[in-house]
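Q: What follows is the file query.pdb, containing PDB, C-alpha atoms:
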ATOM      1  CA  TYR A   2    -149.850 -30.348  58.426  1.00  0.00           C
ATOM      2  CA  GLU A   3    -152.813 -28.518  59.976  1.00  0.00           C
ATOM      3  CA  TYR A   4    -151.000 -28.098  63.303  1.00  0.00           C
ATOM      4  CA  ILE A   5    -147.934 -26.634  61.572  1.00  0.00           C
ATOM      5  CA  MET A   6    -150.069 -24.181  59.617  1.00  0.00           C
ATOM      6  CA  SER A   7    -151.914 -23.069  62.755  1.00  0.00           C
ATOM      7  CA  GLU A   8    -148.612 -22.573  64.613  1.00  0.00           C
ATOM      8  CA  ALA A   9    -147.215 -20.644  61.650  1.00  0.00           C
ATOM      9  CA  GLN A  10    -150.116 -18.180  61.970  1.00  0.00           C
ATOM     10  CA  THR A  11    -148.503 -16.867  65.161  1.00  0.00           C
ATOM     11  CA  ASN A  12    -144.997 -16.793  63.650  1.00  0.00           C
ATOM     12  CA  GLN A  13    -145.266 -14.306  60.825  1.00  0.00           C
ATOM     13  CA  TYR A  14    -142.623 -11.791  59.901  1.00  0.00           C
ATOM     14  CA  ASP A  15    -143.355  -9.282  57.157  1.00  0.00           C
ATOM     15  CA  GLY A  16    -146.251 -11.482  56.077  1.00  0.00           C
ATOM     16  CA  VAL A  17    -144.110 -14.618  55.738  1.00  0.00           C
ATOM     17  CA  LYS A  18    -145.020 -17.575  57.926  1.00  0.00           C
ATOM     18  CA  VAL A  19    -142.224 -19.447  59.696  1.00  0.00           C
ATOM     19  CA  ALA A  20    -142.420 -22.907  61.264  1.00  0.00           C
ATOM     20  CA  MET A  21    -140.407 -25.957  62.224  1.00  0.00           C
ATOM     21  CA  ILE A  22    -141.515 -28.585  59.712  1.00  0.00           C
ATOM     22  CA  PRO A  23    -140.812 -32.321  60.020  1.00  0.00           C
ATOM     23  CA  VAL A  24    -138.568 -33.416  57.137  1.00  0.00           C
ATOM     24  CA  GLU A  25    -141.051 -36.139  56.152  1.00  0.00           C
ATOM     25  CA  LEU A  26    -143.561 -33.401  55.232  1.00  0.00           C
ATOM     26  CA  LEU A  27    -141.067 -31.641  52.931  1.00  0.00           C
ATOM     27  CA  HIS A  28    -141.724 -32.615  49.316  1.00  0.00           C
ATOM     28  CA  ILE A  29    -139.270 -32.254  46.424  1.00  0.00           C
ATOM     29  CA  ASP A  30    -141.215 -31.659  43.204  1.00  0.00           C
ATOM     30  CA  TYR A  31    -139.085 -32.928  40.329  1.00  0.00           C
ATOM     31  CA  ASP A  32    -141.474 -31.341  37.829  1.00  0.00           C
ATOM     32  CA  TYR A  33    -139.375 -28.182  38.323  1.00  0.00           C
ATOM     33  CA  GLN A  34    -136.620 -29.117  40.799  1.00  0.00           C
ATOM     34  CA  ARG A  35    -133.234 -30.201  39.468  1.00  0.00           C
ATOM     35  CA  ARG A  36    -131.994 -33.734  39.980  1.00  0.00           C
ATOM     36  CA  ILE A  37    -129.047 -34.156  42.300  1.00  0.00           C
ATOM     37  CA  THR A  38    -125.885 -35.192  40.461  1.00  0.00           C
ATOM     38  CA  ALA A  39    -123.106 -37.420  41.792  1.00  0.00           C
ATOM     39  CA  GLY A  40    -120.849 -34.460  42.657  1.00  0.00           C
ATOM     40  CA  ARG A  41    -123.611 -32.747  44.561  1.00  0.00           C
ATOM     41  CA  TRP A  42    -124.292 -35.865  46.662  1.00  0.00           C
ATOM     42  CA  GLN A  43    -120.750 -35.525  48.038  1.00  0.00           C
ATOM     43  CA  LYS A  44    -121.480 -31.931  49.092  1.00  0.00           C
ATOM     44  CA  ILE A  45    -124.714 -33.084  50.717  1.00  0.00           C
ATOM     45  CA  ALA A  46    -122.863 -35.835  52.616  1.00  0.00           C
ATOM     46  CA  ASN A  47    -120.307 -33.270  53.802  1.00  0.00           C
ATOM     47  CA  MET A  48    -123.101 -30.925  54.899  1.00  0.00           C
ATOM     48  CA  ALA A  49    -124.746 -33.787  56.811  1.00  0.00           C
ATOM     49  CA  GLU A  50    -121.472 -34.720  58.497  1.00  0.00           C
ATOM     50  CA  HIS A  51    -120.900 -31.118  59.614  1.00  0.00           C
ATOM     51  CA  TRP A  52    -124.558 -30.182  60.129  1.00  0.00           C
ATOM     52  CA  SER A  53    -125.132 -26.750  61.618  1.00  0.00           C
ATOM     53  CA  PRO A  54    -128.546 -25.102  61.876  1.00  0.00           C
ATOM     54  CA  LEU A  55    -126.768 -21.734  61.689  1.00  0.00           C
ATOM     55  CA  LYS A  56    -125.405 -22.570  58.247  1.00  0.00           C
ATOM     56  CA  ALA A  57    -128.588 -24.279  57.070  1.00  0.00           C
ATOM     57  CA  GLY A  58    -130.706 -21.159  57.323  1.00  0.00           C
ATOM     58  CA  MET A  59    -134.374 -21.409  56.433  1.00  0.00           C
ATOM     59  CA  ILE A  60    -135.826 -23.637  53.772  1.00  0.00           C
ATOM     60  CA  VAL A  61    -138.268 -21.897  51.422  1.00  0.00           C
ATOM     61  CA  THR A  62    -141.456 -23.902  51.015  1.00  0.00           C
ATOM     62  CA  VAL A  63    -144.931 -23.594  49.593  1.00  0.00           C
ATOM     63  CA  ALA A  64    -147.884 -25.022  51.501  1.00  0.00           C
ATOM     64  CA  ARG A  65    -149.796 -27.662  49.566  1.00  0.00           C
ATOM     65  CA  PRO A  66    -152.977 -28.208  51.571  1.00  0.00           C
ATOM     66  CA  ASP A  67    -154.438 -30.753  49.116  1.00  0.00           C
ATOM     67  CA  GLU A  68    -151.382 -32.986  49.643  1.00  0.00           C
ATOM     68  CA  SER A  69    -150.806 -32.067  53.326  1.00  0.00           C
ATOM     69  CA  CYS A  70    -147.165 -31.305  52.606  1.00  0.00           C
ATOM     70  CA  PHE A  71    -144.784 -28.444  51.860  1.00  0.00           C
ATOM     71  CA  ALA A  72    -143.060 -28.183  48.478  1.00  0.00           C
ATOM     72  CA  VAL A  73    -139.388 -27.248  48.803  1.00  0.00           C
ATOM     73  CA  VAL A  74    -138.556 -24.338  46.524  1.00  0.00           C
ATOM     74  CA  ASP A  75    -135.129 -23.501  47.964  1.00  0.00           C
ATOM     75  CA  GLY A  76    -133.211 -25.943  50.138  1.00  0.00           C
ATOM     76  CA  GLN A  77    -133.407 -29.329  48.448  1.00  0.00           C
ATOM     77  CA  GLY A  78    -129.781 -30.200  49.279  1.00  0.00           C
ATOM     78  CA  ARG A  79    -130.208 -29.062  52.878  1.00  0.00           C
ATOM     79  CA  VAL A  80    -133.298 -31.254  53.236  1.00  0.00           C
ATOM     80  CA  PHE A  81    -131.384 -34.331  52.037  1.00  0.00           C
ATOM     81  CA  ALA A  82    -128.422 -33.444  54.293  1.00  0.00           C
ATOM     82  CA  ALA A  83    -130.745 -33.040  57.282  1.00  0.00           C
ATOM     83  CA  LYS A  84    -132.244 -36.469  56.620  1.00  0.00           C
ATOM     84  CA  GLN A  85    -128.748 -38.002  56.444  1.00  0.00           C
ATOM     85  CA  ALA A  86    -127.767 -36.215  59.678  1.00  0.00           C
ATOM     86  CA  GLY A  87    -130.870 -37.506  61.455  1.00  0.00           C
ATOM     87  CA  ILE A  88    -132.417 -34.058  61.832  1.00  0.00           C
ATOM     88  CA  GLN A  89    -136.161 -34.370  62.424  1.00  0.00           C
ATOM     89  CA  LYS A  90    -137.369 -30.800  61.760  1.00  0.00           C
ATOM     90  CA  LEU A  91    -136.151 -27.802  59.764  1.00  0.00           C
ATOM     91  CA  ARG A  92    -136.912 -24.078  60.031  1.00  0.00           C
ATOM     92  CA  CYS A  93    -138.940 -23.113  57.013  1.00  0.00           C
ATOM     93  CA  MET A  94    -140.581 -20.087  55.471  1.00  0.00           C
ATOM     94  CA  ILE A  95    -143.992 -20.944  54.133  1.00  0.00           C
ATOM     95  CA  ALA A  96    -145.602 -19.323  51.115  1.00  0.00           C
ATOM     96  CA  GLU A  97    -149.262 -19.991  50.472  1.00  0.00           C
ATOM     97  CA  ASN A  98    -151.788 -19.992  47.652  1.00  0.00           C
ATOM     98  CA  MET A  99    -149.299 -20.591  44.856  1.00  0.00           C
ATOM     99  CA  THR A 100    -149.789 -22.674  41.745  1.00  0.00           C
ATOM    100  CA  LYS A 101    -147.111 -25.119  40.686  1.00  0.00           C
ATOM    101  CA  ALA A 102    -146.194 -22.683  37.897  1.00  0.00           C
ATOM    102  CA  GLN A 103    -145.646 -19.948  40.501  1.00  0.00           C
ATOM    103  CA  GLU A 104    -143.540 -22.335  42.587  1.00  0.00           C
ATOM    104  CA  ALA A 105    -141.410 -23.078  39.527  1.00  0.00           C
ATOM    105  CA  GLN A 106    -141.000 -19.355  38.841  1.00  0.00           C
ATOM    106  CA  LEU A 107    -139.934 -18.785  42.461  1.00  0.00           C
ATOM    107  CA  PHE A 108    -137.442 -21.661  42.124  1.00  0.00           C
ATOM    108  CA  VAL A 109    -135.948 -20.167  38.959  1.00  0.00           C
ATOM    109  CA  SER A 110    -135.616 -16.691  40.470  1.00  0.00           C
ATOM    110  CA  GLN A 111    -134.430 -17.664  43.969  1.00  0.00           C
ATOM    111  CA  GLY A 112    -130.776 -16.819  43.336  1.00  0.00           C
ATOM    112  CA  GLU A 113    -131.318 -13.380  41.819  1.00  0.00           C
ATOM    113  CA  ASN A 114    -130.544 -11.529  45.047  1.00  0.00           C
ATOM    114  CA  TYR A 115    -127.616 -13.747  45.976  1.00  0.00           C
ATOM    115  CA  THR A 116    -124.001 -12.756  45.389  1.00  0.00           C
ATOM    116  CA  PRO A 117    -121.659 -15.731  45.727  1.00  0.00           C
ATOM    117  CA  LEU A 118    -118.447 -15.335  47.687  1.00  0.00           C
ATOM    118  CA  THR A 119    -115.312 -15.014  45.600  1.00  0.00           C
ATOM    119  CA  PRO A 120    -112.167 -16.981  46.499  1.00  0.00           C
ATOM    120  CA  TYR A 121    -110.716 -13.717  47.839  1.00  0.00           C
ATOM    121  CA  ASP A 122    -113.768 -13.133  50.080  1.00  0.00           C
ATOM    122  CA  LYS A 123    -113.410 -16.652  51.492  1.00  0.00           C
ATOM    123  CA  PHE A 124    -109.649 -16.233  51.875  1.00  0.00           C
ATOM    124  CA  ILE A 125    -110.029 -13.069  53.985  1.00  0.00           C
ATOM    125  CA  ALA A 126    -112.670 -14.739  56.173  1.00  0.00           C
ATOM    126  CA  TYR A 127    -110.501 -17.825  56.679  1.00  0.00           C
ATOM    127  CA  LEU A 128    -107.567 -15.609  57.654  1.00  0.00           C
ATOM    128  CA  GLU A 129    -109.741 -14.043  60.339  1.00  0.00           C
ATOM    129  CA  ALA A 130    -110.989 -17.460  61.473  1.00  0.00           C
ATOM    130  CA  GLY A 131    -107.408 -18.557  62.117  1.00  0.00           C
ATOM    131  CA  LYS A 132    -105.415 -21.650  61.353  1.00  0.00           C
ATOM    132  CA  GLU A 133    -106.893 -23.646  64.238  1.00  0.00           C
ATOM    133  CA  THR A 134    -110.299 -23.673  62.538  1.00  0.00           C
ATOM    134  CA  ASP A 135    -109.701 -26.265  59.802  1.00  0.00           C
ATOM    135  CA  SER A 136    -107.358 -27.212  56.954  1.00  0.00           C
ATOM    136  CA  LYS A 137    -108.756 -24.526  54.637  1.00  0.00           C
ATOM    137  CA  ALA A 138    -108.096 -21.824  57.235  1.00  0.00           C
ATOM    138  CA  ALA A 139    -104.647 -23.234  58.012  1.00  0.00           C
ATOM    139  CA  ALA A 140    -103.806 -23.164  54.305  1.00  0.00           C
ATOM    140  CA  ALA A 141    -105.012 -19.543  54.026  1.00  0.00           C
ATOM    141  CA  VAL A 142    -102.812 -18.472  56.944  1.00  0.00           C
ATOM    142  CA  ALA A 143     -99.799 -20.370  55.571  1.00  0.00           C
ATOM    143  CA  LEU A 144    -100.283 -18.937  52.070  1.00  0.00           C
ATOM    144  CA  ASN A 145    -100.578 -15.422  53.482  1.00  0.00           C
ATOM    145  CA  GLU A 146     -97.373 -15.903  55.504  1.00  0.00           C
ATOM    146  CA  LEU A 147     -95.538 -17.275  52.462  1.00  0.00           C
ATOM    147  CA  CYS A 148     -96.663 -14.378  50.281  1.00  0.00           C
ATOM    148  CA  ASN A 149     -95.617 -11.874  52.962  1.00  0.00           C
ATOM    149  CA  GLU A 150     -92.204 -13.540  53.230  1.00  0.00           C
ATOM    150  CA  TYR A 151     -91.588 -13.153  49.489  1.00  0.00           C
ATOM    151  CA  GLY A 152     -93.197  -9.733  49.062  1.00  0.00           C
ATOM    152  CA  VAL A 153     -96.163 -11.004  47.047  1.00  0.00           C
ATOM    153  CA  THR A 154     -99.453  -9.162  47.588  1.00  0.00           C
ATOM    154  CA  ILE A 155    -102.866 -10.776  47.501  1.00  0.00           C
ATOM    155  CA  LYS A 156    -105.590  -8.557  46.062  1.00  0.00           C
ATOM    156  CA  LYS A 157    -109.235  -9.055  45.236  1.00  0.00           C
ATOM    157  CA  VAL A 158    -108.731  -7.912  41.652  1.00  0.00           C
ATOM    158  CA  PRO A 159    -105.088  -7.518  40.610  1.00  0.00           C
ATOM    159  CA  ALA A 160    -104.364  -5.181  37.703  1.00  0.00           C
ATOM    160  CA  PRO A 161    -103.343  -6.845  34.440  1.00  0.00           C
ATOM    161  CA  LYS A 162     -99.631  -7.689  34.387  1.00  0.00           C
ATOM    162  CA  GLU A 163     -99.162  -6.264  37.893  1.00  0.00           C
ATOM    163  CA  ILE A 164     -95.914  -7.645  39.305  1.00  0.00           C
ATOM    164  CA  SER A 165     -95.462  -9.181  42.752  1.00  0.00           C
ATOM    165  CA  THR A 166     -99.185  -9.933  42.958  1.00  0.00           C
ATOM    166  CA  LEU A 167    -100.714 -13.372  43.300  1.00  0.00           C
ATOM    167  CA  ARG A 168    -102.889 -13.849  40.226  1.00  0.00           C
ATOM    168  CA  CYS A 169    -104.391 -17.291  40.897  1.00  0.00           C
ATOM    169  CA  LEU A 170    -105.423 -17.283  44.544  1.00  0.00           C
ATOM    170  CA  ALA A 171    -107.790 -20.251  44.355  1.00  0.00           C
ATOM    171  CA  THR A 172    -105.150 -22.493  42.763  1.00  0.00           C
ATOM    172  CA  ALA A 173    -102.353 -21.410  45.116  1.00  0.00           C
ATOM    173  CA  TRP A 174    -104.644 -21.848  48.112  1.00  0.00           C
ATOM    174  CA  ASN A 175    -105.688 -25.319  46.955  1.00  0.00           C
ATOM    175  CA  ILE A 176    -102.030 -26.330  46.498  1.00  0.00           C
ATOM    176  CA  MET A 177    -101.182 -24.997  49.962  1.00  0.00           C
ATOM    177  CA  GLU A 178    -104.030 -27.007  51.490  1.00  0.00           C
ATOM    178  CA  SER A 179    -103.139 -30.194  49.569  1.00  0.00           C
ATOM    179  CA  TYR A 180     -99.376 -29.915  50.158  1.00  0.00           C
ATOM    180  CA  PRO A 181     -98.837 -27.866  53.331  1.00  0.00           C
ATOM    181  CA  ASP A 182     -95.130 -28.685  53.484  1.00  0.00           C
TER
END
How does this structure look as structure tokens?
A:
Amino acid sequence: YEYIMSEAQTNQYDGVKVAMIPVELLHIDYDYQRRITAGRWQKIANMAEHWSPLKAGMIVTVARPDESCFAVVDGQGRVFAAKQAGIQKLRCMIAENMTKAQEAQLFVSQGENYTPLTPYDKFIAYLEAGKETDSKAAAAVALNELCNEYGVTIKKVPAPKEISTLRCLATAWNIMESYPD
């Protein structure tokens, strides 16, 4: 713990310390963290199977000097996936001098600046990635080709009752991936 904190002193960006922290020093505080449900365990297993540090990003932690550990505020699922994948250390941002109440408040507010991708956003990205990438990308390319063949447009937000426009992209895309023929 002390070594990590001393190394983090030299790796500060805009006042935030950054360090590679061994996963065994990352603590999940269930006083404010959510429990992982059965459906989420499947996502964690998938993340572990396809582990990528580029997709994992940085885990947000709070230094707990009295316990010689780092409380995970954002990244609980990634920590479990890393453990399953055999990853020994994770890149973490380290906040300091916070009470548990402040940690809980940070946990609650962590998603306020996050805008989730819509199915359309993902669809466009998968089209660019190309059908060789994976089954989701292949289904996006095939769906786009099918819609082009029949003169159906795919829009982010189709107007109400607009004709020749795909209105349920996520469902059509899922069907195309499940039944490509």
Q: Translate the PyMOL selection byres ((chain A and resi 14-31) around 10) into a concrete residue list for this structure, as a tab-separated table (two decimals) with C-alpha atoms, in the coordinates of the input.
A:
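Written out: selection_11.tsv:
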chain	number	residue	atom	x	y	z
A	2	TYR	CA	-149.85	-30.35	58.43
A	5	ILE	CA	-147.93	-26.63	61.57
A	6	MET	CA	-150.07	-24.18	59.62
A	7	SER	CA	-151.91	-23.07	62.76
A	8	GLU	CA	-148.61	-22.57	64.61
A	9	ALA	CA	-147.22	-20.64	61.65
A	10	GLN	CA	-150.12	-18.18	61.97
A	11	THR	CA	-148.50	-16.87	65.16
A	12	ASN	CA	-145.00	-16.79	63.65
A	13	GLN	CA	-145.27	-14.31	60.82
A	32	ASP	CA	-141.47	-31.34	37.83
A	33	TYR	CA	-139.38	-28.18	38.32
A	34	GLN	CA	-136.62	-29.12	40.80
A	35	ARG	CA	-133.23	-30.20	39.47
A	36	ARG	CA	-131.99	-33.73	39.98
A	59	MET	CA	-134.37	-21.41	56.43
A	60	ILE	CA	-135.83	-23.64	53.77
A	61	VAL	CA	-138.27	-21.90	51.42
A	62	THR	CA	-141.46	-23.90	51.02
A	63	VAL	CA	-144.93	-23.59	49.59
A	64	ALA	CA	-147.88	-25.02	51.50
A	65	ARG	CA	-149.80	-27.66	49.57
A	68	GLU	CA	-151.38	-32.99	49.64
A	69	SER	CA	-150.81	-32.07	53.33
A	70	CYS	CA	-147.16	-31.30	52.61
A	71	PHE	CA	-144.78	-28.44	51.86
A	72	ALA	CA	-143.06	-28.18	48.48
A	73	VAL	CA	-139.39	-27.25	48.80
A	74	VAL	CA	-138.56	-24.34	46.52
A	75	ASP	CA	-135.13	-23.50	47.96
A	76	GLY	CA	-133.21	-25.94	50.14
A	77	GLN	CA	-133.41	-29.33	48.45
A	80	VAL	CA	-133.30	-31.25	53.24
A	81	PHE	CA	-131.38	-34.33	52.04
A	83	ALA	CA	-130.74	-33.04	57.28
A	84	LYS	CA	-132.24	-36.47	56.62
A	87	GLY	CA	-130.87	-37.51	61.46
A	88	ILE	CA	-132.42	-34.06	61.83
A	89	GLN	CA	-136.16	-34.37	62.42
A	90	LYS	CA	-137.37	-30.80	61.76
A	91	LEU	CA	-136.15	-27.80	59.76
A	92	ARG	CA	-136.91	-24.08	60.03
A	93	CYS	CA	-138.94	-23.11	57.01
A	94	MET	CA	-140.58	-20.09	55.47
A	95	ILE	CA	-143.99	-20.94	54.13
A	96	ALA	CA	-145.60	-19.32	51.12
A	97	GLU	CA	-149.26	-19.99	50.47
A	101	LYS	CA	-147.11	-25.12	40.69
A	104	GLU	CA	-143.54	-22.34	42.59
A	105	ALA	CA	-141.41	-23.08	39.53
Q: Can you pull out every residue within 9 Å of Ala46 of chain A, counting all atoms listed in the file, but drop anything in the same chain fewer than 5 positions away, and send it as a list in words?
A: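 Contacts, with the query itself left out: Arg41, His51, Phe81, Ala82, Gln85 and Ala86 of chain A.
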Q: Tell me, in Å to one decimal, how far atom CA of Ala138 of chain A is from atom CA of Glu178 of chain A.
A: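 Computing it gives 8.7 Å between the two atoms.
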Q: Report as number ranges by chain all protein, DNA and RNA residues lying within 10 Å of Met177 of chain A, evaluated on only C-alpha atoms, omitting residues in the same chain fewer than 2 positions from it.
A: A: 136-137, 139-144, 147, 171-175, 179-182
Q: Between atom CA of Glu133 of chain A and atom CA of Glu50 of chain A, measure the distance and give it in Å to one decimal.
A: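 Taking atom CA of Glu133 of chain A and atom CA of Glu50 of chain A, their separation equals 19.2 Å.
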Q: The residues within 7 Å of (-110.2, -10.2, 49.6), using all atoms listed in the file and the coordinates of the file, should be reported as a PyMOL selection string; which are they?
A: chain A and resi 121-122+124-125+156-157
Q: Mind giving me the straight-line distance from atom CA of Pro66 of chain A to atom CA of Ala102 of chain A in Å, one decimal?
A: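 Between atom CA of Pro66 of chain A and atom CA of Ala102 of chain A the gap works out to 16.2 Å.
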Q: Taking every listed atom of segment 59-63 of chain A and adding 8 Å to each side, what centre and edge lengths in Å (one decimal) does the axis-aligned box have, as JSON?
A:
{"center_x": -139.7, "center_y": -22.7, "center_z": 53.0, "size_x": 26.6, "size_y": 18.5, "size_z": 22.8}
Q: Tell me, as a list in words, which residues lie within 7 Å of Ser165 of chain A, counting all atoms listed in the file; anything in the same chain fewer than 5 positions away does not count.
A: Gly152, Val153 and Thr154 of chain A
Q: Could you dump the residues just selected with C-alpha atoms as an mmCIF file, in the frame of the given file?
A:
data_model
loop_
_atom_site.group_PDB
_atom_site.id
_atom_site.type_symbol
_atom_site.label_atom_id
_atom_site.label_comp_id
_atom_site.auth_asym_id
_atom_site.auth_seq_id
_atom_site.Cartn_x
_atom_site.Cartn_y
_atom_site.Cartn_z
ATOM 1 C CA GLY A 152 -93.197 -9.733 49.062
ATOM 2 C CA VAL A 153 -96.163 -11.004 47.047
ATOM 3 C CA THR A 154 -99.453 -9.162 47.588
#
